[in-house]
file coords-v6.cif (mmCIF, C-alpha atoms)
data_structure
loop_
_atom_site.label_atom_id
_atom_site.label_comp_id
_atom_site.auth_asym_id
_atom_site.auth_seq_id
_atom_site.Cartn_x
_atom_site.Cartn_y
_atom_site.Cartn_z
CA MET A 1 -7.76 -23.74 -7.18
CA HIS A 2 -11.03 -23.76 -9.13
CA ASP A 3 -10.69 -23.35 -12.86
CA ALA A 4 -10.74 -19.74 -14.00
CA SER A 5 -10.40 -18.24 -17.44
CA ARG A 6 -8.10 -15.31 -17.99
CA THR A 7 -10.99 -12.87 -18.20
CA LEU A 8 -12.90 -13.07 -14.94
CA GLY A 9 -15.24 -10.17 -15.53
CA ASN A 10 -15.27 -7.13 -13.34
CA GLU A 11 -15.38 -8.81 -9.94
CA TYR A 12 -14.25 -11.94 -8.08
CA TRP A 13 -13.12 -13.17 -4.67
CA LEU A 14 -9.98 -15.07 -3.74
CA VAL A 15 -10.89 -16.89 -0.53
CA ASN A 16 -9.03 -19.11 1.96
CA VAL A 17 -5.71 -17.48 1.17
CA ALA A 18 -2.78 -16.80 3.49
CA ALA A 19 -2.08 -13.17 2.63
CA VAL A 20 1.36 -11.62 3.11
CA ILE A 21 0.50 -8.15 4.40
CA GLU A 22 2.90 -5.22 4.82
CA HIS A 23 2.73 -2.58 7.55
CA ASP A 24 5.49 0.01 8.01
CA GLY A 25 7.92 -2.04 5.94
CA LYS A 26 7.37 -5.30 7.82
CA PHE A 27 5.47 -8.25 6.35
CA GLU A 28 3.38 -10.83 8.16
CA VAL A 29 1.24 -13.80 7.10
CA ARG A 30 -2.49 -13.60 7.81
CA HIS A 31 -4.48 -16.80 7.34
CA HIS A 32 -8.09 -17.31 6.27
CA THR A 33 -8.07 -14.08 4.29
CA SER A 34 -10.16 -13.05 1.30
CA ILE A 35 -9.15 -10.63 -1.43
CA HIS A 36 -12.00 -8.94 -3.27
CA VAL A 37 -10.97 -7.80 -6.75
CA VAL A 38 -13.12 -5.37 -8.69
CA GLY A 39 -11.85 -4.50 -12.15
CA ASN A 40 -8.06 -4.28 -11.91
CA ALA A 41 -7.80 -3.32 -8.22
CA ILE A 42 -8.21 -4.72 -4.73
CA ALA A 43 -11.54 -3.48 -3.36
CA TRP A 44 -11.42 -5.22 0.01
CA ILE A 45 -9.12 -7.52 1.94
CA GLY A 46 -9.95 -9.20 5.22
CA ASP A 47 -11.35 -12.21 7.02
CA SER A 48 -12.81 -14.99 4.85
CA GLU A 49 -15.80 -15.45 7.14
CA ARG A 50 -16.71 -11.79 6.77
CA SER A 51 -16.40 -11.99 3.00
CA SER A 52 -18.92 -14.86 2.92
CA LEU A 53 -21.45 -12.58 4.60
CA THR A 54 -20.88 -9.64 2.25
CA SER A 55 -20.26 -11.23 -1.15
CA ASP A 56 -22.87 -11.36 -3.86
CA ALA A 57 -23.83 -14.92 -4.84
CA LYS A 58 -23.38 -13.97 -8.49
CA VAL A 59 -19.73 -12.96 -8.02
CA ARG A 60 -17.18 -15.64 -8.83
CA VAL A 61 -15.50 -17.17 -5.78
CA ILE A 62 -12.08 -18.79 -6.27
CA ASP A 63 -10.95 -21.03 -3.44
CA ALA A 64 -7.18 -20.59 -3.06
CA HIS A 65 -6.79 -23.60 -0.73
CA ASP A 66 -4.54 -21.75 1.75
CA ALA A 67 -2.07 -20.66 -0.92
CA TYR A 68 0.21 -17.81 0.08
CA ALA A 69 -0.70 -14.53 -1.62
CA LEU A 70 2.18 -12.08 -2.05
CA PRO A 71 2.29 -8.68 -3.73
CA GLY A 72 3.65 -9.18 -7.24
CA PHE A 73 7.41 -8.89 -7.63
CA ILE A 74 8.63 -5.72 -9.35
CA ASN A 75 11.76 -6.67 -11.27
CA THR A 76 13.50 -3.37 -11.95
CA HIS A 77 16.36 -4.45 -14.24
CA VAL A 78 15.62 -7.02 -16.94
CA HIS A 79 16.74 -7.74 -20.47
CA SER A 80 13.99 -10.12 -21.52
CA ALA A 81 15.71 -11.16 -24.71
CA LEU A 82 18.73 -12.26 -22.66
CA LEU A 83 16.85 -14.31 -20.07
CA SER A 84 16.92 -17.08 -22.68
CA ASN A 85 20.70 -16.74 -22.66
CA HIS A 86 21.48 -17.40 -19.01
CA GLY A 87 24.04 -20.15 -18.67
CA ARG A 88 26.16 -18.91 -21.56
CA GLY A 89 27.88 -16.19 -19.54
CA ASP A 90 27.74 -17.70 -16.08
CA ASP A 91 31.41 -18.71 -15.95
CA TYR A 92 32.75 -15.41 -17.33
CA ALA A 93 33.56 -12.66 -14.86
CA GLY A 94 32.23 -9.27 -15.86
CA ALA A 95 29.16 -8.02 -17.72
CA PRO A 96 28.13 -10.00 -20.83
CA ILE A 97 28.19 -6.90 -23.03
CA TYR A 98 32.00 -6.90 -22.84
CA GLN A 99 32.26 -10.62 -23.69
CA HIS A 100 32.58 -11.83 -27.26
CA ARG A 101 32.04 -15.40 -26.02
CA VAL A 102 28.36 -14.80 -25.29
CA ALA A 103 25.55 -13.88 -27.66
CA GLN A 104 25.27 -10.13 -28.23
CA GLY A 105 22.02 -8.37 -29.11
CA ILE A 106 23.62 -6.88 -32.20
CA MET A 107 23.94 -10.42 -33.63
CA PHE A 108 20.19 -10.88 -33.91
CA SER A 109 17.54 -9.47 -36.20
CA PRO A 110 14.65 -7.45 -34.72
CA ASP A 111 12.30 -10.42 -35.28
CA GLU A 112 14.69 -12.80 -33.52
CA ILE A 113 15.07 -10.47 -30.55
CA ALA A 114 11.30 -10.15 -30.34
CA VAL A 115 10.92 -13.95 -30.04
CA LEU A 116 13.65 -14.14 -27.40
CA ALA A 117 12.04 -11.26 -25.50
CA GLY A 118 8.70 -13.07 -25.53
CA PHE A 119 10.35 -16.19 -24.10
CA GLY A 120 12.10 -14.08 -21.46
CA ALA A 121 8.88 -12.28 -20.50
CA VAL A 122 7.13 -15.62 -19.99
CA GLN A 123 10.00 -16.75 -17.77
CA ALA A 124 9.71 -13.51 -15.81
CA ALA A 125 5.98 -14.11 -15.30
CA LEU A 126 6.57 -17.69 -14.15
CA MET A 127 9.00 -16.43 -11.49
CA GLY A 128 6.35 -14.07 -10.11
CA SER A 129 7.44 -10.83 -11.78
CA THR A 130 4.21 -8.91 -12.29
CA THR A 131 6.14 -5.78 -13.36
CA ILE A 132 9.42 -5.63 -15.25
CA VAL A 133 11.68 -2.75 -16.25
CA ASP A 134 12.91 -4.01 -19.61
CA ASN A 135 15.68 -2.52 -21.72
CA TYR A 136 17.35 -3.98 -24.78
CA GLU A 137 18.23 -3.62 -28.42
CA HIS A 138 15.23 -3.36 -30.80
CA GLU A 139 12.81 -2.93 -27.93
CA ASP A 140 10.34 -1.42 -30.39
CA ALA A 141 10.16 -4.83 -32.10
CA SER A 142 9.89 -6.71 -28.78
CA ALA A 143 7.15 -4.56 -27.26
CA GLY A 144 4.33 -6.47 -28.95
CA TYR A 145 5.57 -9.78 -27.53
CA LEU A 146 5.96 -8.28 -24.06
CA GLU A 147 2.48 -6.80 -24.27
CA HIS A 148 0.98 -10.15 -25.27
CA VAL A 149 2.34 -11.95 -22.19
CA GLY A 150 0.22 -9.63 -20.04
CA ILE A 151 2.65 -8.45 -17.37
CA ARG A 152 3.23 -4.81 -16.50
CA CYS A 153 6.21 -3.46 -18.48
CA TYR A 154 8.32 -0.31 -18.33
CA VAL A 155 10.22 -0.47 -21.61
CA SER A 156 13.09 1.43 -23.17
CA GLU A 157 15.44 1.05 -26.11
CA ARG A 158 19.09 0.37 -25.33
CA VAL A 159 20.33 3.83 -26.34
CA HIS A 160 24.06 4.10 -27.06
CA ASP A 161 26.50 5.44 -29.62
CA ALA A 162 29.45 3.13 -28.99
CA ASP A 163 29.84 0.30 -31.50
CA LEU A 164 29.07 -2.70 -29.28
CA ALA A 165 30.50 -5.23 -31.74
CA VAL A 166 33.88 -3.50 -31.69
CA LEU A 167 33.68 -3.25 -27.89
CA ALA A 168 32.86 -6.93 -27.38
CA TYR A 169 35.44 -8.27 -29.81
CA SER A 170 38.34 -5.85 -29.39
CA GLY A 171 37.66 -3.89 -26.19
CA ARG A 172 37.86 -0.58 -28.09
CA TYR A 173 35.34 2.23 -27.84
CA GLU A 174 34.29 3.70 -31.18
CA TYR A 175 31.42 6.19 -31.08
CA GLN A 176 29.29 6.65 -34.18
CA HIS A 177 26.61 9.26 -34.84
CA ALA A 178 24.67 6.77 -36.98
CA ILE A 179 24.34 4.34 -34.06
CA ARG A 180 23.12 7.15 -31.83
CA GLU A 181 20.45 8.12 -34.37
CA GLN A 182 19.34 4.49 -34.88
CA THR A 183 18.86 3.77 -31.19
CA LEU A 184 17.15 7.10 -30.50
CA SER A 185 14.84 6.47 -33.46
CA ARG A 186 13.77 3.14 -31.97
CA GLN A 187 13.24 4.89 -28.63
CA HIS A 188 11.00 7.45 -30.33
CA ASN A 189 9.03 4.60 -31.96
CA LEU A 190 8.28 3.23 -28.49
CA GLU A 191 7.21 6.64 -27.25
CA ASP A 192 4.89 7.19 -30.21
CA ARG A 193 3.34 3.76 -29.72
CA TYR A 194 2.52 4.19 -26.03
CA ALA A 195 2.39 7.98 -25.70
CA ALA A 196 -1.21 8.03 -24.47
CA ASN A 197 -0.80 5.29 -21.86
CA GLY A 198 -1.48 6.08 -18.20
CA ASP A 199 -1.19 4.21 -14.91
CA ASP A 200 -4.04 1.87 -15.83
CA ASP A 201 -2.14 0.66 -18.91
CA LEU A 202 0.36 -2.16 -18.65
CA MET A 203 2.93 -0.69 -21.04
CA ARG A 204 4.84 2.45 -20.10
CA VAL A 205 7.96 3.97 -21.68
CA MET A 206 11.19 5.00 -19.95
CA ILE A 207 14.46 6.11 -21.54
CA GLY A 208 17.43 3.79 -21.25
CA PRO A 209 20.94 5.10 -22.00
CA HIS A 210 23.00 1.94 -21.66
CA GLY A 211 25.90 3.22 -19.59
CA PRO A 212 28.36 6.05 -18.97
CA ASP A 213 30.95 4.37 -21.18
CA THR A 214 28.79 3.17 -24.08
CA CYS A 215 27.13 6.58 -24.36
CA SER A 216 29.14 9.69 -25.18
CA ARG A 217 28.80 12.63 -22.82
CA GLU A 218 26.71 14.40 -25.46
CA LEU A 219 24.30 11.48 -25.73
CA LEU A 220 23.91 11.25 -21.94
CA ALA A 221 23.06 14.95 -21.83
CA GLU A 222 20.53 14.45 -24.64
CA CYS A 223 18.88 11.56 -22.75
CA SER A 224 18.67 13.76 -19.66
CA ARG A 225 17.04 16.53 -21.66
CA LEU A 226 14.53 14.14 -23.26
CA ALA A 227 13.62 12.52 -19.95
CA LYS A 228 12.95 15.85 -18.26
CA ALA A 229 10.96 17.19 -21.20
CA ARG A 230 8.75 14.09 -21.21
CA GLN A 231 8.84 13.46 -17.45
CA GLN A 232 10.23 9.98 -18.00
CA LEU A 233 12.05 7.62 -15.70
CA VAL A 234 15.61 6.73 -16.71
CA ALA A 235 17.24 3.29 -16.47
CA ILE A 236 21.02 2.95 -16.76
CA HIS A 237 23.93 0.66 -15.95
CA LEU A 238 26.23 2.41 -13.50
CA SER A 239 29.65 1.30 -12.29
CA GLN A 240 29.26 -2.28 -13.46
CA GLY A 241 32.93 -3.02 -14.08
CA ALA A 242 36.48 -1.98 -14.84
CA HIS A 243 35.80 -1.40 -18.56
CA GLU A 244 33.37 1.37 -17.73
CA ARG A 245 35.45 2.96 -14.98
CA ASP A 246 38.63 3.07 -17.09
CA GLN A 247 36.89 4.44 -20.18
CA VAL A 248 35.02 7.22 -18.36
CA SER A 249 38.14 8.21 -16.45
CA SER A 250 40.29 8.46 -19.59
CA ARG A 251 37.59 10.01 -21.78
CA ASP A 252 36.01 12.49 -19.36
CA GLY A 253 38.54 12.91 -16.56
CA MET A 254 36.02 11.95 -13.88
CA ASP A 255 34.21 8.91 -12.54
CA SER A 256 30.81 7.64 -13.67
CA VAL A 257 28.81 9.18 -10.82
CA GLU A 258 30.39 12.59 -11.47
CA LEU A 259 29.66 12.21 -15.18
CA LEU A 260 25.97 11.43 -14.66
CA ASP A 261 25.74 14.29 -12.18
CA SER A 262 27.25 16.72 -14.66
CA CYS A 263 24.74 15.60 -17.29
CA GLY A 264 21.77 16.14 -14.98
CA LEU A 265 20.86 12.45 -14.76
CA LEU A 266 21.14 11.91 -11.00
CA GLY A 267 17.80 12.19 -9.22
CA PRO A 268 14.68 10.32 -8.10
CA TRP A 269 13.87 9.59 -11.75
CA LEU A 270 17.02 7.45 -12.17
CA LEU A 271 17.15 3.67 -11.68
CA ALA A 272 20.86 2.85 -11.53
CA GLY A 273 21.72 -0.80 -12.04
CA HIS A 274 24.72 -2.56 -10.48
CA CYS A 275 26.52 0.30 -8.63
CA LEU A 276 29.59 -1.78 -7.78
CA SER A 277 32.92 -0.86 -6.17
CA LEU A 278 31.91 2.71 -5.35
CA PRO A 279 33.68 4.79 -2.68
CA ARG A 280 31.59 6.08 0.22
CA SER A 281 31.56 9.60 -1.18
CA ARG A 282 29.84 8.41 -4.37
CA ILE A 283 27.41 6.22 -2.42
CA ALA A 284 26.51 9.30 -0.40
CA ARG A 285 26.05 11.37 -3.56
CA LEU A 286 23.66 8.84 -5.09
CA ALA A 287 21.68 8.65 -1.85
CA GLN A 288 21.58 12.44 -1.56
CA ALA A 289 20.22 12.70 -5.11
CA LYS A 290 17.56 10.05 -4.24
CA THR A 291 18.76 7.91 -7.13
CA HIS A 292 17.33 4.38 -6.82
CA VAL A 293 19.96 1.64 -6.56
CA ILE A 294 19.21 -1.66 -8.31
CA GLN A 295 21.32 -4.58 -7.14
CA MET A 296 21.53 -7.64 -9.41
CA VAL A 297 22.69 -9.90 -6.64
CA GLY A 298 23.03 -13.11 -8.64
CA ALA A 299 24.61 -11.50 -11.69
CA ASN A 300 27.08 -9.52 -9.59
CA LEU A 301 28.13 -12.52 -7.51
CA LYS A 302 28.74 -14.54 -10.67
CA SER A 303 30.97 -11.72 -11.82
CA GLY A 304 32.95 -11.90 -8.58
CA CYS A 305 31.73 -8.53 -7.30
CA ARG A 306 30.87 -7.68 -3.71
CA LEU A 307 27.49 -6.05 -3.11
CA GLN A 308 27.36 -2.71 -1.31
CA SER A 309 23.65 -2.81 -0.53
CA ASP A 310 24.18 -2.26 3.17
CA GLU A 311 26.35 0.81 2.58
CA PHE A 312 23.66 2.25 0.31
CA ALA A 313 20.95 1.49 2.85
CA GLN A 314 22.96 3.11 5.63
CA ALA A 315 23.35 6.20 3.44
CA GLY A 316 19.58 6.36 3.00
CA ALA A 317 19.27 5.12 -0.59
CA ASN A 318 16.31 3.11 -1.81
CA VAL A 319 17.71 -0.35 -2.68
CA CYS A 320 15.92 -2.83 -4.94
CA VAL A 321 16.84 -6.30 -6.17
CA ALA A 322 16.46 -7.51 -9.76
CA THR A 323 17.39 -10.53 -11.83
CA ASP A 324 19.21 -8.88 -14.74
CA ASN A 325 19.78 -11.68 -17.28
CA MET A 326 21.87 -14.06 -15.19
CA MET A 327 19.32 -15.19 -12.58
CA PRO A 328 16.12 -17.03 -13.50
CA ASP A 329 14.43 -16.83 -10.08
CA MET A 330 13.30 -13.77 -8.09
CA LEU A 331 12.95 -15.86 -4.93
CA ASP A 332 16.62 -16.84 -5.29
CA CYS A 333 17.47 -13.14 -5.55
CA LEU A 334 15.64 -12.39 -2.30
CA ARG A 335 17.41 -15.21 -0.52
CA LEU A 336 20.85 -14.18 -1.74
CA TYR A 337 20.17 -10.52 -1.00
CA ALA A 338 19.47 -11.31 2.65
CA LEU A 339 22.30 -13.79 3.14
CA VAL A 340 25.08 -11.98 1.28
CA ASN A 341 24.39 -8.63 2.93
CA ARG A 342 24.73 -10.21 6.37
CA LEU A 343 28.40 -10.80 5.60
CA ASP A 344 29.27 -7.10 5.60
CA SER A 345 26.56 -5.50 7.68
CA PRO A 346 27.37 -4.44 11.26
CA HIS A 347 23.74 -5.34 11.98
CA PRO A 348 23.19 -8.66 10.17
CA ASP A 349 19.81 -9.22 11.85
CA ASN A 350 18.49 -6.27 9.83
CA TYR A 351 18.57 -8.46 6.72
CA ASP A 352 15.54 -10.55 7.56
CA ALA A 353 12.78 -11.98 5.38
CA SER A 354 10.73 -8.77 5.53
CA ARG A 355 13.58 -6.60 4.30
CA ALA A 356 14.34 -9.03 1.50
CA LEU A 357 10.71 -9.07 0.36
CA ALA A 358 10.53 -5.26 0.53
CA SER A 359 13.46 -5.06 -1.90
CA ALA A 360 11.28 -6.66 -4.60
CA THR A 361 7.93 -5.04 -3.76
CA ILE A 362 7.57 -1.76 -1.86
CA ASN A 363 11.07 -0.46 -2.66
CA PRO A 364 10.83 -0.89 -6.45
CA ALA A 365 7.26 0.44 -6.38
CA LEU A 366 8.78 3.66 -5.01
CA ALA A 367 11.50 3.56 -7.68
CA ILE A 368 9.02 3.53 -10.57
CA GLY A 369 6.74 6.10 -8.94
CA ARG A 370 4.01 3.59 -8.10
CA SER A 371 4.15 3.33 -4.31
CA HIS A 372 0.52 4.49 -4.27
CA ASP A 373 -0.83 1.46 -6.15
CA LEU A 374 1.83 -1.27 -6.49
CA GLY A 375 3.98 -3.32 -4.12
CA ARG A 376 1.35 -4.11 -1.47
CA LEU A 377 -1.76 -6.19 -0.94
CA ALA A 378 -4.08 -3.45 0.22
CA LYS A 379 -7.38 -1.79 -0.62
CA GLY A 380 -7.07 0.48 -3.64
CA TYR A 381 -3.86 -1.14 -4.91
CA LYS A 382 -3.67 -2.88 -8.27
CA ALA A 383 -4.53 -6.58 -8.19
CA ASP A 384 -0.96 -7.73 -8.93
CA ILE A 385 -0.79 -10.94 -6.90
CA VAL A 386 1.50 -13.97 -6.72
CA LEU A 387 -0.02 -17.19 -5.36
CA ILE A 388 2.51 -19.65 -3.97
CA GLU A 389 1.45 -23.24 -3.46
CA PRO A 390 1.99 -24.56 0.09
CA ASN A 391 5.01 -26.86 0.08
CA PRO A 392 4.73 -29.46 2.88
CA VAL A 393 8.35 -30.50 2.47
CA VAL A 394 9.86 -27.13 3.43
CA SER A 395 7.08 -25.31 5.28
CA VAL A 396 5.78 -26.25 8.70
CA PRO A 397 2.44 -24.50 9.42
CA ALA A 398 2.62 -21.58 11.87
CA SER A 399 6.40 -21.88 12.07
CA GLY A 400 8.09 -18.85 10.57
CA GLU A 401 6.06 -18.95 7.35
CA LEU A 402 7.41 -15.71 5.91
CA GLN A 403 10.93 -17.00 6.50
CA HIS A 404 10.04 -20.25 4.74
CA ILE A 405 8.72 -18.32 1.74
CA VAL A 406 11.87 -16.22 1.36
CA TYR A 407 14.51 -18.79 2.26
CA ASN A 408 13.05 -22.15 1.19
CA TYR A 409 10.54 -21.65 -1.62
CA ARG A 410 11.46 -21.74 -5.32
CA ARG A 411 9.98 -20.52 -8.57
CA ASP A 412 8.38 -23.94 -9.11
CA ASP A 413 6.24 -23.28 -6.02
CA ILE A 414 4.66 -20.24 -7.72
CA ARG A 415 1.32 -21.57 -8.95
CA ASP A 416 -0.58 -18.52 -10.20
CA VAL A 417 0.28 -14.95 -11.12
CA ILE A 418 -2.36 -12.23 -11.43
CA VAL A 419 -1.60 -8.89 -13.09
CA ASN A 420 -4.09 -6.03 -13.17
CA GLY A 421 -6.78 -8.45 -12.01
CA GLU A 422 -6.13 -11.03 -14.75
CA PHE A 423 -4.39 -14.40 -14.57
CA VAL A 424 -1.18 -14.44 -16.62
CA VAL A 425 0.07 -17.70 -15.04
CA LYS A 426 -2.46 -20.39 -14.08
CA ASP A 427 -1.53 -23.72 -12.48
CA HIS A 428 2.18 -23.17 -13.25
CA ALA A 429 1.57 -22.43 -16.96
CA PRO A 430 1.48 -19.13 -18.87
CA VAL A 431 -2.04 -18.18 -19.95
CA ASN A 432 -1.28 -16.00 -22.96
CA ALA A 433 1.70 -17.71 -24.60
CA ASP A 434 2.86 -21.17 -25.64
CA LEU A 435 6.01 -21.70 -23.57
CA MET A 436 7.26 -24.77 -25.43
CA GLN A 437 6.75 -23.15 -28.83
CA LEU A 438 8.72 -20.09 -27.71
CA ARG A 439 11.42 -22.36 -26.33
CA GLN A 440 11.73 -24.22 -29.64
CA GLU A 441 11.94 -20.95 -31.55
CA ALA A 442 14.60 -19.68 -29.14
CA LEU A 443 16.64 -22.86 -29.57
CA ARG A 444 16.38 -22.54 -33.35
CA ILE A 445 17.61 -18.94 -33.22
CA PHE A 446 20.58 -19.82 -31.04
CA ALA A 447 21.44 -22.81 -33.22
CA VAL A 448 21.63 -20.57 -36.29
CA HIS A 449 23.97 -18.12 -34.59
CA ASP A 450 26.12 -20.83 -33.00
CA HIS A 451 27.23 -21.69 -36.52
CA ASP A 452 28.29 -18.12 -37.33
#
call {"tool": "encode", "arguments": {"input": "coords-v6.cif", "output": "structure tokens"}}
result
Amino acid sequence: MHDASRTLGNEYWLVNVAAVIEHDGKFEVRHHTSIHVVGNAIAWIGDSERSSLTSDAKVRVIDAHDAYALPGFINTHVHSALLSNHGRGDDYAGAPIYQHRVAQGIMFSPDEIAVLAGFGAVQAALMGSTTIVDNYEHEDASAGYLEHVGIRCYVSERVHDADLAVLAYSGRYEYQHAIREQTLSRQHNLEDRYAANGDDDLMRVMIGPHGPDTCSRELLAECSRLAKARQQLVAIHLSQGAHERDQVSSRDGMDSVELLDSCGLLGPWLLAGHCLSLPRSRIARLAQAKTHVIQMVGANLKSGCRLQSDEFAQAGANVCVATDNMMPDMLDCLRLYALVNRLDSPHPDNYDASRALASATINPALAIGRSHDLGRLAKGYKADIVLIEPNPVVSVPASGELQHIVYNYRRDDIRDVIVNGEFVVKDHAPVNADLMQLRQEALRIFAVHDHD
């Protein structure tokens, strides 16, 4: 690809690209395509020969050399500060938050978490995530780092009132009003910082109660009230393990889905992560409420949990895939999503490459209320584009190319990532951050805490 600076001006053409185009939920590869970007949006997409007749000679033309152009991946459940931590919890069954043997966010200072979040956001960009839904401790400190990387971010503070140190080290739940006020204060800081942002801005604020067990019933109700008053999306962990189920049952006399329902949290504004080991009646309730189901396929498999994606899909729920903090590659997530769901589905052929790709593009675009301008390569949509370098080892031209992309390509094949019309990854390297410097800082931070 010809050299291009991050700021390309108001207009440019990507030519000679193999565009992955969606129609009615099915994707296909169209060769010799041009994508005309004006400002931050796609102004025209079509045949390269036609674009040569209509383009202005003064407009920059970038020859993509038959790279595959995909809509940017929308990664709907991320903890950027923990992406630097994958590997530490891979051999422990269950969510890391219940494990004292892995690094906990409460161990780190706000400045340390901000550095780790910056490193994680760069990793997310390198794997083709043009949009992330990011939730963690001290998110108000991390937001500046996330913003600098240049990807689209929906951010929220990890709101809770359970003492997570006590939970990780002893398994006990102790709820403290001071913790509730601290985490809500950091959430309010985020809201004040980005209150005026609209769809054309890369940073948007959600509200993120951590889970039904780590939030008291009163705090969950407060988060519901705040979200509705401010018309915010809500991100939460739901039914991610036995700790949660046992605590909610003993504390509230109901299960987690019933608890969220009673607090007014179920609905099309809710992105519910994990959703494991749920009976059919609760799957049906989530689908009926139009709650979006986020499946962390890699993280859940490492925890020894069976996915229920097919049961959710059969019930009519919108199902998305995400990396969480235990999977460094969105393409791996797509592959596993398709293959694992074939094990339990009565119609395994339904889990093809198109359905897998939809779970990281058009489905999550719907979940974050952006199906009108994200998740597709189409006129009027934001120029959020992933360019994958042709790999002659795994891809035979004109032979199931979409299948090759989903099943055989890796994150290292992602060459360029464009967000809002700007390059954030160019020739396999981040444009706006020094990856090796962030890595060294992350290693230093972990080394300090490994001696604690």
call {"tool": "closest_residue", "arguments": {"input": "coords-v6.cif", "among": "A:His237, A:His372, A:His243, A:Arg282", "to": "Asp261 of chain A", "atoms": "all atoms listed in the file"}}
result
A:Arg282
call {"tool": "residues_around", "arguments": {"input": "coords-v6.cif", "residues": "Val424 of chain A", "least_positions_apart": "6", "cutoff": "9 Å", "atoms": "all atoms listed in the file", "output": "NGL selection string"}}
result
:A and (6 or 125-126 or 130 or 149-151 or 416-418 or 430-432)
call {"tool": "write_last_selection", "arguments": {"input": "coords-v6.cif", "atoms": "C-alpha atoms", "output": "mmCIF file, in the coordinates of the input"}}
result
data_model
loop_
_atom_site.group_PDB
_atom_site.id
_atom_site.type_symbol
_atom_site.label_atom_id
_atom_site.label_comp_id
_atom_site.auth_asym_id
_atom_site.auth_seq_id
_atom_site.Cartn_x
_atom_site.Cartn_y
_atom_site.Cartn_z
ATOM 1 C CA ARG A 6 -8.100 -15.310 -17.990
ATOM 2 C CA ALA A 125 5.980 -14.110 -15.300
ATOM 3 C CA LEU A 126 6.570 -17.690 -14.150
ATOM 4 C CA THR A 130 4.210 -8.910 -12.290
ATOM 5 C CA VAL A 149 2.340 -11.950 -22.190
ATOM 6 C CA GLY A 150 0.220 -9.630 -20.040
ATOM 7 C CA ILE A 151 2.650 -8.450 -17.370
ATOM 8 C CA ASP A 416 -0.580 -18.520 -10.200
ATOM 9 C CA VAL A 417 0.280 -14.950 -11.120
ATOM 10 C CA ILE A 418 -2.360 -12.230 -11.430
ATOM 11 C CA PRO A 430 1.480 -19.130 -18.870
ATOM 12 C CA VAL A 431 -2.040 -18.180 -19.950
ATOM 13 C CA ASN A 432 -1.280 -16.000 -22.960
#
call {"tool": "atom_distance", "arguments": {"input": "coords-v6.cif", "atom1": "atom CA of Asn75 of chain A", "atom2": "atom CA of Gly375 of chain A"}}
result
11.1 Å
call {"tool": "residues_around", "arguments": {"input": "coords-v6.cif", "residues": "Lys382 of chain A", "least_positions_apart": "4", "cutoff": "9 Å", "atoms": "only C-alpha atoms", "output": "short mmCIF file (atom, residue, chain, number, x, y, z; two decimals) with C-alpha atoms, in the frame of the given file"}}
result
data_model
loop_
_atom_site.label_atom_id
_atom_site.label_comp_id
_atom_site.auth_asym_id
_atom_site.auth_seq_id
_atom_site.Cartn_x
_atom_site.Cartn_y
_atom_site.Cartn_z
CA VAL A 37 -10.97 -7.80 -6.75
CA ASN A 40 -8.06 -4.28 -11.91
CA ALA A 41 -7.80 -3.32 -8.22
CA ILE A 42 -8.21 -4.72 -4.73
CA ASP A 200 -4.04 1.87 -15.83
CA ASP A 373 -0.83 1.46 -6.15
CA LEU A 374 1.83 -1.27 -6.49
CA GLY A 375 3.98 -3.32 -4.12
CA ARG A 376 1.35 -4.11 -1.47
CA LEU A 377 -1.76 -6.19 -0.94
CA ALA A 378 -4.08 -3.45 0.22
CA VAL A 419 -1.60 -8.89 -13.09
CA ASN A 420 -4.09 -6.03 -13.17
CA GLY A 421 -6.78 -8.45 -12.01
#
call {"tool": "resolve_selection", "arguments": {"input": "coords-v6.cif", "expression": "the PyMOL selection byres ((chain A and resi 298) around 8)", "output": "PyMOL selection string"}}
result
chain A and resi 296-297+299-302+323+326-327+333+336
call {"tool": "atom_distance", "arguments": {"input": "coords-v6.cif", "atom1": "atom CA of Leu82 of chain A", "atom2": "atom CA of Val102 of chain A"}}
result
10.3 Å
call {"tool": "closest_residue", "arguments": {"input": "coords-v6.cif", "among": "A:Cys320, A:Asp66, A:Cys223, A:Asp213", "to": "Ser249 of chain A", "atoms": "all atoms listed in the file"}}
result
A:Asp213
call {"tool": "resolve_selection", "arguments": {"input": "coords-v6.cif", "expression": "the PyMOL selection byres ((chain A and resi 144) around 12)", "output": "VMD selection string"}}
result
chain A and resid 110 to 111 113 to 115 117 to 118 121 138 to 143 145 to 151 153 155 190 193 to 194 202 to 203
call {"tool": "closest_residue", "arguments": {"input": "coords-v6.cif", "among": "A:His31, A:Arg342, A:Arg370, A:His77", "to": "Val234 of chain A", "atoms": "all atoms listed in the file"}}
result
A:His77
call {"tool": "residues_around", "arguments": {"input": "coords-v6.cif", "residues": "Ser359 of chain A", "least_positions_apart": "5", "cutoff": "7 Å", "atoms": "all atoms listed in the file", "output": "compact mmCIF listing (two decimals) with C-alpha atoms, in the frame of the given file"}}
result
# COMPACT_ATOMS: atom_id res chain seq x y z
CA VAL A 319 17.71 -0.35 -2.68
CA CYS A 320 15.92 -2.83 -4.94
CA VAL A 321 16.84 -6.30 -6.17
CA PRO A 364 10.83 -0.89 -6.45
call {"tool": "atom_distance", "arguments": {"input": "coords-v6.cif", "atom1": "atom CA of Lys26 of chain A", "atom2": "atom CA of Ile236 of chain A"}}
result
29.3 Å
call {"tool": "closest_residue", "arguments": {"input": "coords-v6.cif", "among": "A:Ile368, A:Leu402, A:Ala442, A:Leu307", "to": "Tyr337 of chain A", "atoms": "all atoms listed in the file"}}
result
A:Leu307
